[in-house]
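Source file target10.cif; content: mmCIF, C-alpha atoms.
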```cif
data_coords
#
loop_
_atom_site.group_PDB
_atom_site.id
_atom_site.type_symbol
_atom_site.label_atom_id
_atom_site.label_comp_id
_atom_site.auth_asym_id
_atom_site.auth_seq_id
_atom_site.Cartn_x
_atom_site.Cartn_y
_atom_site.Cartn_z
ATOM 1 C CA MET A 51 -16.207 25.079 -7.483
ATOM 2 C CA SER A 52 -15.934 22.341 -4.839
ATOM 3 C CA ALA A 53 -18.875 20.254 -3.711
ATOM 4 C CA ASN A 54 -20.233 20.400 -0.188
ATOM 5 C CA PRO A 55 -18.725 17.480 1.808
ATOM 6 C CA GLY A 56 -22.146 16.910 3.397
ATOM 7 C CA HIS A 57 -23.564 15.884 0.018
ATOM 8 C CA TYR A 58 -21.295 12.844 -0.061
ATOM 9 C CA ARG A 59 -21.924 11.582 3.459
ATOM 10 C CA GLU A 60 -24.852 9.376 2.515
ATOM 11 C CA GLY A 61 -23.780 8.422 -1.007
ATOM 12 C CA PRO A 62 -22.840 4.844 -1.944
ATOM 13 C CA GLU A 63 -19.105 4.208 -1.876
ATOM 14 C CA ALA A 64 -18.907 3.135 -5.528
ATOM 15 C CA LEU A 65 -20.380 6.466 -6.622
ATOM 16 C CA ILE A 66 -18.019 8.430 -4.379
ATOM 17 C CA ALA A 67 -15.088 6.381 -5.693
ATOM 18 C CA SER A 68 -16.060 7.067 -9.301
ATOM 19 C CA LEU A 69 -16.224 10.811 -8.548
ATOM 20 C CA ALA A 70 -12.823 10.656 -6.843
ATOM 21 C CA ALA A 71 -11.457 8.782 -9.865
ATOM 22 C CA ARG A 72 -12.404 11.811 -11.958
ATOM 23 C CA GLY A 73 -10.334 14.053 -9.688
ATOM 24 C CA ASP A 74 -13.017 15.178 -7.226
ATOM 25 C CA ARG A 75 -11.009 16.100 -4.137
ATOM 26 C CA VAL A 76 -14.022 16.310 -1.819
ATOM 27 C CA ALA A 77 -15.152 12.837 -2.878
ATOM 28 C CA PHE A 78 -11.696 11.490 -2.118
ATOM 29 C CA ALA A 79 -11.736 13.168 1.309
ATOM 30 C CA GLU A 80 -15.021 11.350 1.974
ATOM 31 C CA LEU A 81 -13.395 8.025 1.030
ATOM 32 C CA VAL A 82 -10.536 8.783 3.435
ATOM 33 C CA ARG A 83 -13.069 9.638 6.166
ATOM 34 C CA ARG A 84 -14.927 6.357 5.632
ATOM 35 C CA ARG A 85 -11.923 4.052 5.314
ATOM 36 C CA GLN A 86 -9.294 5.640 7.560
ATOM 37 C CA ALA A 87 -10.144 3.726 10.755
ATOM 38 C CA TRP A 88 -10.125 0.435 8.884
ATOM 39 C CA VAL A 89 -6.798 1.043 7.094
ATOM 40 C CA ARG A 90 -5.149 2.434 10.217
ATOM 41 C CA SER A 91 -6.265 -0.424 12.449
ATOM 42 C CA LEU A 92 -5.203 -3.058 9.896
ATOM 43 C CA LEU A 93 -1.749 -1.483 9.620
ATOM 44 C CA ARG A 94 -1.608 -1.033 13.372
ATOM 45 C CA ARG A 95 -2.258 -4.746 13.759
ATOM 46 C CA CYS A 96 0.377 -5.661 11.181
ATOM 47 C CA SER A 97 3.046 -3.302 12.487
ATOM 48 C CA GLY A 98 2.193 -3.269 16.180
ATOM 49 C CA ASP A 99 3.068 0.432 16.219
ATOM 50 C CA ALA A 100 0.637 3.344 16.082
ATOM 51 C CA HIS A 101 3.156 5.783 14.564
ATOM 52 C CA ILE A 102 4.245 3.423 11.815
ATOM 53 C CA ALA A 103 0.596 2.646 11.104
ATOM 54 C CA GLU A 104 -0.169 6.370 10.898
ATOM 55 C CA ASP A 105 2.669 7.030 8.425
ATOM 56 C CA LEU A 106 1.964 3.964 6.303
ATOM 57 C CA SER A 107 -1.772 4.609 6.175
ATOM 58 C CA GLN A 108 -1.144 8.166 4.963
ATOM 59 C CA GLN A 109 1.148 6.796 2.270
ATOM 60 C CA VAL A 110 -1.572 4.319 1.283
ATOM 61 C CA PHE A 111 -4.108 7.125 0.830
ATOM 62 C CA LEU A 112 -1.616 9.255 -1.102
ATOM 63 C CA LEU A 113 -0.946 6.330 -3.401
ATOM 64 C CA ALA A 114 -4.682 5.737 -3.705
ATOM 65 C CA TRP A 115 -5.148 9.371 -4.765
ATOM 66 C CA ARG A 116 -2.446 8.989 -7.410
ATOM 67 C CA LYS A 117 -3.831 5.721 -8.763
ATOM 68 C CA ILE A 118 -7.574 5.984 -8.299
ATOM 69 C CA SER A 119 -8.046 7.129 -11.889
ATOM 70 C CA GLN A 120 -6.776 3.665 -12.925
ATOM 71 C CA LEU A 121 -9.366 1.850 -10.769
ATOM 72 C CA ARG A 122 -11.562 0.051 -13.312
ATOM 73 C CA ASP A 123 -14.222 -1.408 -11.033
ATOM 74 C CA VAL A 124 -15.268 1.200 -8.480
ATOM 75 C CA GLU A 125 -17.391 -1.417 -6.700
ATOM 76 C CA LYS A 126 -14.125 -3.026 -5.597
ATOM 77 C CA PHE A 127 -12.652 0.106 -4.060
ATOM 78 C CA GLY A 128 -12.445 -1.554 -0.615
ATOM 79 C CA SER A 129 -10.470 -4.587 -1.717
ATOM 80 C CA TRP A 130 -8.315 -2.403 -3.997
ATOM 81 C CA LEU A 131 -7.441 -0.198 -1.023
ATOM 82 C CA LYS A 132 -6.822 -3.217 1.194
ATOM 83 C CA ARG A 133 -4.415 -4.684 -1.367
ATOM 84 C CA MET A 134 -2.627 -1.348 -1.521
ATOM 85 C CA ALA A 135 -2.309 -1.269 2.290
ATOM 86 C CA ILE A 136 -0.943 -4.808 2.295
ATOM 87 C CA ASN A 137 1.623 -4.014 -0.405
ATOM 88 C CA GLU A 138 2.684 -0.902 1.484
ATOM 89 C CA TRP A 139 3.128 -2.954 4.638
ATOM 90 C CA LEU A 140 5.110 -5.697 2.921
ATOM 91 C CA GLN A 141 7.368 -3.144 1.225
ATOM 92 C CA TYR A 142 7.962 -1.376 4.528
ATOM 93 C CA LYS A 143 8.711 -4.681 6.238
ATOM 94 C CA ARG A 144 11.129 -5.754 3.502
ATOM 95 C CA LYS A 145 13.068 -2.521 3.938
ATOM 96 C CA ASN A 146 13.132 -2.642 7.720
ATOM 97 C CA ASP A 147 13.493 -6.341 8.580
ATOM 98 C CA ALA A 148 17.241 -6.205 8.205
ATOM 99 C CA LEU A 149 17.476 -3.424 10.782
ATOM 100 C CA ARG A 150 15.413 -5.208 13.412
ATOM 101 C CA GLY A 151 17.387 -6.325 16.451
ATOM 102 C CA ALA A 152 16.709 -8.598 19.343
ATOM 103 C CA ALA A 153 16.122 -5.716 21.791
ATOM 104 C CA GLY A 154 12.394 -5.672 21.116
ATOM 105 C CA GLU A 155 11.928 -9.211 22.331
ATOM 106 C CA GLU A 156 13.434 -8.460 25.717
ATOM 107 C CA GLU A 157 11.145 -5.483 26.131
ATOM 108 C CA ILE A 158 8.022 -7.484 25.453
ATOM 109 C CA VAL A 159 8.965 -10.205 27.929
ATOM 110 C CA GLU A 160 9.440 -7.575 30.632
ATOM 111 C CA SER A 161 6.266 -5.686 29.839
ATOM 112 C CA GLN A 162 4.182 -8.864 30.073
ATOM 113 C CA GLN A 163 4.091 -8.401 33.809
ATOM 114 C CA ASP A 164 1.844 -5.400 33.376
ATOM 115 C CA LYS A 165 -1.559 -7.011 32.886
ATOM 116 C CA THR A 166 -3.254 -3.732 32.095
ATOM 117 C CA SER A 167 -1.276 -3.259 28.911
ATOM 118 C CA ILE A 168 -2.604 -6.219 26.961
ATOM 119 C CA GLY A 169 -3.068 -4.078 23.861
ATOM 120 C CA LEU A 170 0.495 -2.792 24.021
ATOM 121 C CA ASP A 171 1.821 -6.290 24.587
ATOM 122 C CA LEU A 172 -0.119 -7.674 21.665
ATOM 123 C CA ASP A 173 1.233 -4.824 19.511
ATOM 124 C CA GLY A 174 4.770 -5.542 20.715
ATOM 125 C CA ALA A 175 4.400 -9.268 20.030
ATOM 126 C CA MET A 176 2.986 -8.604 16.543
ATOM 127 C CA ALA A 177 5.943 -6.337 15.795
ATOM 128 C CA LEU A 178 8.282 -9.266 16.457
ATOM 129 C CA LEU A 179 6.717 -11.505 13.820
ATOM 130 C CA PRO A 180 8.140 -11.613 10.288
ATOM 131 C CA GLY A 181 6.231 -9.446 7.767
ATOM 132 C CA PRO A 182 4.168 -12.096 5.929
ATOM 133 C CA VAL A 183 3.387 -13.900 9.215
ATOM 134 C CA SER A 184 2.113 -10.766 10.973
ATOM 135 C CA LEU A 185 0.124 -9.925 7.850
ATOM 136 C CA CYS A 186 -1.584 -13.350 7.797
ATOM 137 C CA ILE A 187 -2.236 -13.144 11.535
ATOM 138 C CA ALA A 188 -3.734 -9.637 11.237
ATOM 139 C CA LEU A 189 -5.938 -10.643 8.311
ATOM 140 C CA SER A 190 -7.039 -13.817 10.066
ATOM 141 C CA TYR A 191 -7.698 -12.509 13.592
ATOM 142 C CA HIS A 192 -8.352 -8.821 13.004
ATOM 143 C CA GLU A 193 -10.155 -8.991 9.651
ATOM 144 C CA GLN A 194 -11.635 -12.458 10.324
ATOM 145 C CA MET A 195 -10.670 -13.590 6.827
ATOM 146 C CA THR A 196 -10.444 -17.250 5.843
ATOM 147 C CA HIS A 197 -7.164 -18.758 4.657
ATOM 148 C CA LYS A 198 -8.492 -18.870 1.113
ATOM 149 C CA GLU A 199 -9.496 -15.192 1.206
ATOM 150 C CA ILE A 200 -6.060 -14.247 2.565
ATOM 151 C CA ALA A 201 -4.381 -16.275 -0.173
ATOM 152 C CA THR A 202 -6.475 -14.598 -2.864
ATOM 153 C CA LEU A 203 -5.811 -11.125 -1.510
ATOM 154 C CA THR A 204 -2.106 -11.463 -0.858
ATOM 155 C CA GLY A 205 -1.075 -13.889 -3.585
ATOM 156 C CA ILE A 206 0.467 -16.219 -0.960
ATOM 157 C CA GLN A 207 -0.276 -19.966 -1.379
ATOM 158 C CA VAL A 208 -3.123 -21.286 0.852
ATOM 159 C CA GLY A 209 -0.779 -23.845 2.441
ATOM 160 C CA THR A 210 1.716 -21.106 3.278
ATOM 161 C CA VAL A 211 -1.042 -18.912 4.724
ATOM 162 C CA LYS A 212 -2.126 -21.836 6.905
ATOM 163 C CA SER A 213 1.412 -22.390 8.128
ATOM 164 C CA HIS A 214 1.977 -18.636 8.746
ATOM 165 C CA VAL A 215 -1.211 -18.466 10.831
ATOM 166 C CA ARG A 216 -0.316 -21.589 12.780
ATOM 167 C CA ARG A 217 3.297 -20.552 13.404
ATOM 168 C CA GLY A 218 2.328 -16.952 14.151
ATOM 169 C CA SER A 219 -0.369 -18.010 16.615
ATOM 170 C CA ALA A 220 2.066 -20.310 18.411
ATOM 171 C CA ARG A 221 4.670 -17.522 18.582
ATOM 172 C CA LEU A 222 2.139 -15.018 19.890
ATOM 173 C CA ARG A 223 0.940 -17.468 22.536
ATOM 174 C CA GLU A 224 4.553 -18.000 23.552
ATOM 175 C CA LEU A 225 5.292 -14.258 23.731
ATOM 176 C CA LEU A 226 2.067 -13.567 25.593
ATOM 177 C CA SER A 227 2.253 -16.635 27.836
ATOM 178 C CA ALA A 228 1.998 -14.484 30.978
ATOM 179 C CA TYR A 229 -1.669 -13.963 30.161
ATOM 180 C CA ASP A 230 -2.243 -17.734 30.053
ATOM 181 C CA GLU A 231 -0.538 -18.419 33.331
ATOM 182 C CA SER A 232 -2.362 -15.703 35.171
ATOM 183 C CA ASP A 233 -5.430 -16.828 37.143
ATOM 184 C CA ASP A 234 -7.138 -13.681 35.984
ATOM 185 C CA SER A 235 -6.384 -14.219 32.325
ATOM 186 C CA LYS A 236 -9.916 -15.283 31.470
ATOM 187 C CA ASP A 237 -11.292 -12.231 33.292
ATOM 188 C CA ALA A 238 -8.717 -9.954 31.694
ATOM 189 C CA LEU A 239 -9.930 -11.024 28.262
ATOM 190 C CA MET B 32 -12.142 -25.132 13.257
ATOM 191 C CA SER B 33 -11.561 -24.389 9.598
ATOM 192 C CA ASN B 34 -9.216 -21.448 10.070
ATOM 193 C CA ASP B 35 -7.031 -22.540 12.973
ATOM 194 C CA ARG B 36 -7.752 -19.479 15.075
ATOM 195 C CA ASP B 37 -6.681 -19.698 18.674
ATOM 196 C CA PRO B 38 -9.695 -18.729 20.843
ATOM 197 C CA ILE B 39 -7.541 -16.936 23.442
ATOM 198 C CA LEU B 40 -5.763 -14.879 20.803
ATOM 199 C CA GLU B 41 -9.093 -14.232 19.109
ATOM 200 C CA ALA B 42 -10.425 -12.803 22.368
ATOM 201 C CA MET B 43 -7.268 -10.689 22.795
ATOM 202 C CA PHE B 44 -7.603 -9.250 19.304
ATOM 203 C CA GLU B 45 -11.260 -8.503 19.865
ATOM 204 C CA LYS B 46 -10.649 -6.860 23.250
ATOM 205 C CA THR B 47 -7.841 -4.643 21.959
ATOM 206 C CA ARG B 48 -9.410 -3.684 18.610
ATOM 207 C CA PRO B 49 -8.084 -0.157 17.910
ATOM 208 C CA THR B 50 -10.666 2.595 17.665
ATOM 209 C CA TYR B 51 -10.094 5.968 16.087
ATOM 210 C CA GLU B 52 -11.898 9.156 16.994
ATOM 211 C CA ASP B 53 -12.068 12.179 14.715
ATOM 212 C CA ASP B 54 -8.465 13.284 15.290
ATOM 213 C CA GLY B 55 -7.927 15.418 12.204
ATOM 214 C CA TYR B 56 -6.599 12.481 10.207
ATOM 215 C CA VAL B 57 -8.628 13.307 7.081
ATOM 216 C CA GLU B 58 -7.320 16.887 7.136
ATOM 217 C CA ARG B 59 -3.735 15.659 7.490
ATOM 218 C CA VAL B 60 -4.097 13.285 4.541
ATOM 219 C CA MET B 61 -5.813 15.904 2.384
ATOM 220 C CA ALA B 62 -3.092 18.445 3.204
ATOM 221 C CA LYS B 63 -0.570 15.944 1.809
ATOM 222 C CA VAL B 64 -2.773 15.304 -1.224
ATOM 223 C CA ASP B 65 -2.962 19.065 -1.852
ATOM 224 C CA ALA B 66 0.796 19.446 -1.434
ATOM 225 C CA ARG B 67 1.298 16.683 -3.971
ATOM 226 C CA ARG B 68 -1.136 18.287 -6.410
ATOM 227 C CA ARG B 69 0.754 21.569 -6.047
ATOM 228 C CA ASN B 70 4.100 19.861 -6.639
ATOM 229 C CA VAL B 71 2.809 18.087 -9.729
ATOM 230 C CA MET B 72 1.396 21.376 -11.062
ATOM 231 C CA VAL B 73 4.654 23.243 -10.368
ATOM 232 C CA GLY B 74 6.628 20.440 -12.022
ATOM 233 C CA ARG B 75 4.460 20.530 -15.157
ATOM 234 C CA LEU B 76 4.602 24.317 -15.359
ATOM 235 C CA SER B 77 8.394 24.202 -14.984
ATOM 236 C CA ILE B 78 8.694 21.726 -17.844
ATOM 237 C CA VAL B 79 6.436 23.837 -20.070
ATOM 238 C CA ALA B 80 8.402 26.970 -19.156
ATOM 239 C CA LEU B 81 11.702 25.214 -19.869
ATOM 240 C CA ILE B 82 10.527 23.967 -23.268
ATOM 241 C CA PHE B 83 9.169 27.435 -24.068
ATOM 242 C CA LEU B 84 12.469 29.077 -23.111
ATOM 243 C CA LEU B 85 14.588 26.579 -25.003
ATOM 244 C CA GLU B 86 12.395 26.911 -28.067
ATOM 245 C CA PHE B 87 12.702 30.662 -28.228
ATOM 246 C CA LEU B 88 16.326 31.047 -27.261
ATOM 247 C CA PRO B 89 18.604 32.210 -30.093
ATOM 248 C CA SER B 90 19.537 29.426 -32.547
ATOM 249 C CA SER B 91 16.829 27.225 -30.974
ATOM 250 C CA PRO B 92 19.021 24.503 -29.423
ATOM 251 C CA LEU B 93 15.999 22.389 -28.565
ATOM 252 C CA GLN B 94 14.885 22.182 -32.184
ATOM 253 C CA ASN B 95 18.394 21.261 -33.299
ATOM 254 C CA SER B 96 18.898 18.618 -30.637
ATOM 255 C CA VAL B 97 15.436 17.102 -31.130
ATOM 256 C CA GLY B 98 16.146 16.878 -34.864
ATOM 257 C CA ARG B 99 19.481 15.194 -34.251
ATOM 258 C CA VAL B 100 18.045 12.705 -31.737
ATOM 259 C CA THR B 101 15.159 11.829 -34.084
ATOM 260 C CA GLN B 102 17.607 11.206 -36.902
ATOM 261 C CA LEU B 103 19.822 9.066 -34.668
ATOM 262 C CA LEU B 104 16.935 6.960 -33.312
ATOM 263 C CA GLY B 105 15.760 6.143 -36.834
ATOM 264 C CA ASN B 106 19.139 4.721 -37.944
ATOM 265 C CA GLU B 107 18.976 1.097 -39.133
ATOM 266 C CA LEU B 108 21.068 -1.376 -37.133
ATOM 267 C CA VAL B 109 21.387 -3.964 -39.909
ATOM 268 C CA ASN B 110 21.111 -3.135 -43.577
ATOM 269 C CA LEU B 111 18.456 -5.470 -45.010
ATOM 270 C CA ASP B 112 17.911 -5.404 -48.726
ATOM 271 C CA ALA B 113 14.990 -7.834 -48.985
ATOM 272 C CA GLY B 114 11.760 -5.810 -49.026
ATOM 273 C CA TRP B 115 9.448 -7.991 -46.904
ATOM 274 C CA MET B 116 12.188 -8.807 -44.359
ATOM 275 C CA GLU B 117 12.945 -5.147 -43.982
ATOM 276 C CA MET B 118 9.278 -4.371 -43.443
ATOM 277 C CA ILE B 119 8.806 -7.085 -40.805
ATOM 278 C CA LEU B 120 11.919 -6.183 -38.850
ATOM 279 C CA ALA B 121 11.546 -2.426 -39.239
ATOM 280 C CA PRO B 122 10.090 -1.844 -35.715
ATOM 281 C CA VAL B 123 13.109 -3.474 -34.036
ATOM 282 C CA ASN B 124 15.814 -2.798 -36.596
ATOM 283 C CA SER B 125 16.668 0.664 -35.341
ATOM 284 C CA ILE B 126 18.242 2.345 -32.321
ATOM 285 C CA ALA B 127 14.759 3.424 -31.232
ATOM 286 C CA GLY B 128 13.618 -0.214 -31.343
ATOM 287 C CA VAL B 129 16.503 -1.361 -29.150
ATOM 288 C CA VAL B 130 15.957 1.504 -26.708
ATOM 289 C CA GLY B 131 12.227 0.686 -26.632
ATOM 290 C CA MET B 132 12.843 -3.003 -25.928
ATOM 291 C CA PHE B 133 15.380 -2.151 -23.243
ATOM 292 C CA LEU B 134 12.884 0.167 -21.516
ATOM 293 C CA LEU B 135 10.141 -2.467 -21.823
ATOM 294 C CA GLY B 136 12.456 -5.040 -20.247
ATOM 295 C CA LEU B 137 13.271 -2.654 -17.400
ATOM 296 C CA HIS B 138 9.555 -2.031 -16.853
ATOM 297 C CA VAL B 139 8.778 -5.767 -16.728
ATOM 298 C CA LEU B 140 11.654 -6.368 -14.297
ATOM 299 C CA TYR B 141 10.506 -3.487 -12.100
ATOM 300 C CA ARG B 142 6.901 -4.762 -12.022
ATOM 301 C CA ARG B 143 8.091 -8.275 -11.188
ATOM 302 C CA ASN B 144 10.295 -7.070 -8.325
ATOM 303 C CA VAL B 145 7.751 -4.648 -6.894
ATOM 304 C CA ARG B 146 5.032 -7.317 -6.849
#
```

Show how you would write the structure in this file as structure tokens.
Amino acid sequence: MSANPGHYREGPEALIASLAARGDRVAFAELVRRRQAWVRSLLRRCSGDAHIAEDLSQQVFLLAWRKISQLRDVEKFGSWLKRMAINEWLQYKRKNDALRGAAGEEEIVESQQDKTSIGLDLDGAMALLPGPVSLCIALSYHEQMTHKEIATLTGIQVGTVKSHVRRGSARLRELLSAYDESDDSKDAL
Amino acid sequence: MSNDRDPILEAMFEKTRPTYEDDGYVERVMAKVDARRRNVMVGRLSIVALIFLLEFLPSSPLQNSVGRVTQLLGNELVNLDAGWMEMILAPVNSIAGVVGMFLLGLHVLYRRNVR
């Protein structure tokens, strides 16, 4: 017999996670409902592509379903899931970096002229950054995490995180320079 | 500024923060979860069915081959006569021990590369 999904709506996440860890499908669906926007937007920020983010986030939840029975501290479900999303992203990036060409960069420079597509341009610029750099940028700007928190979560040295954020920011500013030069840039933001 | 965030980029990120409506995402994920559960179940049933079939086929080839493999894995690699030495090295002084250490090594390598 399956539980009514409504019963889980108000429950604390740790309790729902512990039920899901025991194989409760409805509890797991509730976890997906609660965390999907967060995982998808993090991966969207890292990848700069809604379709890739959609695929990767689904893989993250599938992996979470497979491994949730091994989760020892259900209170840490959020950070466990975030680490899983980050690993999924880094693995994807490792596989695909070799295939990336220079074509993308030309596209972004052209599309900068369209001031209404700031979101698309930011996505495009993020997609041009190397995997660990885009990850540090996404965690810093999107998740508002400190360098130390990023280092702890990703296992990258604090100094390297700092340099990734600095280099990534400079690269993004360069790629999105049309927004700086525009008189309306302040208004647009 | 402790975290070196560029204020203009910060504003861009904030302005373009993705939002997700209820677009059937949960249902899509759960459909994949269910498909995986089905596959796992079918896989397990297939293995059980295969073992059952092999066990009850004439001359029971599974029993014979399992017996042979067990005998082979237990074979000593080096013949040690000293009692205490033999006891200490017993876990690794067999084909099973070597196979076990090889698999452990592969597992460690895999974990190191994946992480």

Where is the centre and how long are the edges: axis-aligned box on range 101-114 of chain B, 8 Å on each side, Å to one decimal, as AutoDock Vina command-line options:
```
--center_x 16.6 --center_y 2.0 --center_z -41.2 --size_x 25.6 --size_y 35.7 --size_z 31.7
```

Could you list, as a VMD selection string, every residue of chain B that has an atom within 6 Å of an atom of chain A, counting all atoms listed in the file?
chain B and resid 41 47 49 51 57 60

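What separates CA of Asn70 in chain B from CA of Gly73 in chain A is a distance of 15.9 Å.
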
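A straight line drawn from CA of Lys126 in chain A to CA of Glu63 in chain A is 9.5 Å long.
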
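For the atom pair formed by CA of Glu45 in chain B and CA of Lys132 in chain A, the distance is 19.9 Å, given to one decimal.
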
Could you tell me which residues the PyMOL selection byres ((chain A and resi 64) around 8) grabs in this file, written as an mmCIF file with C-alpha atoms, keeping the file's coordinate frame?
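Written file, part18.cif:
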```cif
data_model
loop_
_atom_site.group_PDB
_atom_site.id
_atom_site.type_symbol
_atom_site.label_atom_id
_atom_site.label_comp_id
_atom_site.auth_asym_id
_atom_site.auth_seq_id
_atom_site.Cartn_x
_atom_site.Cartn_y
_atom_site.Cartn_z
ATOM 1 C CA PRO A 62 -22.840 4.844 -1.944
ATOM 2 C CA GLU A 63 -19.105 4.208 -1.876
ATOM 3 C CA LEU A 65 -20.380 6.466 -6.622
ATOM 4 C CA ILE A 66 -18.019 8.430 -4.379
ATOM 5 C CA ALA A 67 -15.088 6.381 -5.693
ATOM 6 C CA SER A 68 -16.060 7.067 -9.301
ATOM 7 C CA VAL A 124 -15.268 1.200 -8.480
ATOM 8 C CA GLU A 125 -17.391 -1.417 -6.700
ATOM 9 C CA LYS A 126 -14.125 -3.026 -5.597
ATOM 10 C CA PHE A 127 -12.652 0.106 -4.060
#
```

Decode the PyMOL selection byres ((chain B and resi 90-105) around 9) for the given file into explicit residues and return them as a list in words.
Ile82, Leu85, Glu86, Phe87, Leu88, Pro89, Asn106, Glu107, Asn124, Ser125, Ile126, Ala127, Gly128 and Val130 of chain B

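Each of A:Leu189, A:His101, A:Lys143, A:Ala71 was compared to Ala114 in chain A using all atoms listed in the file, and A:Ala71 turns out to be the nearest.
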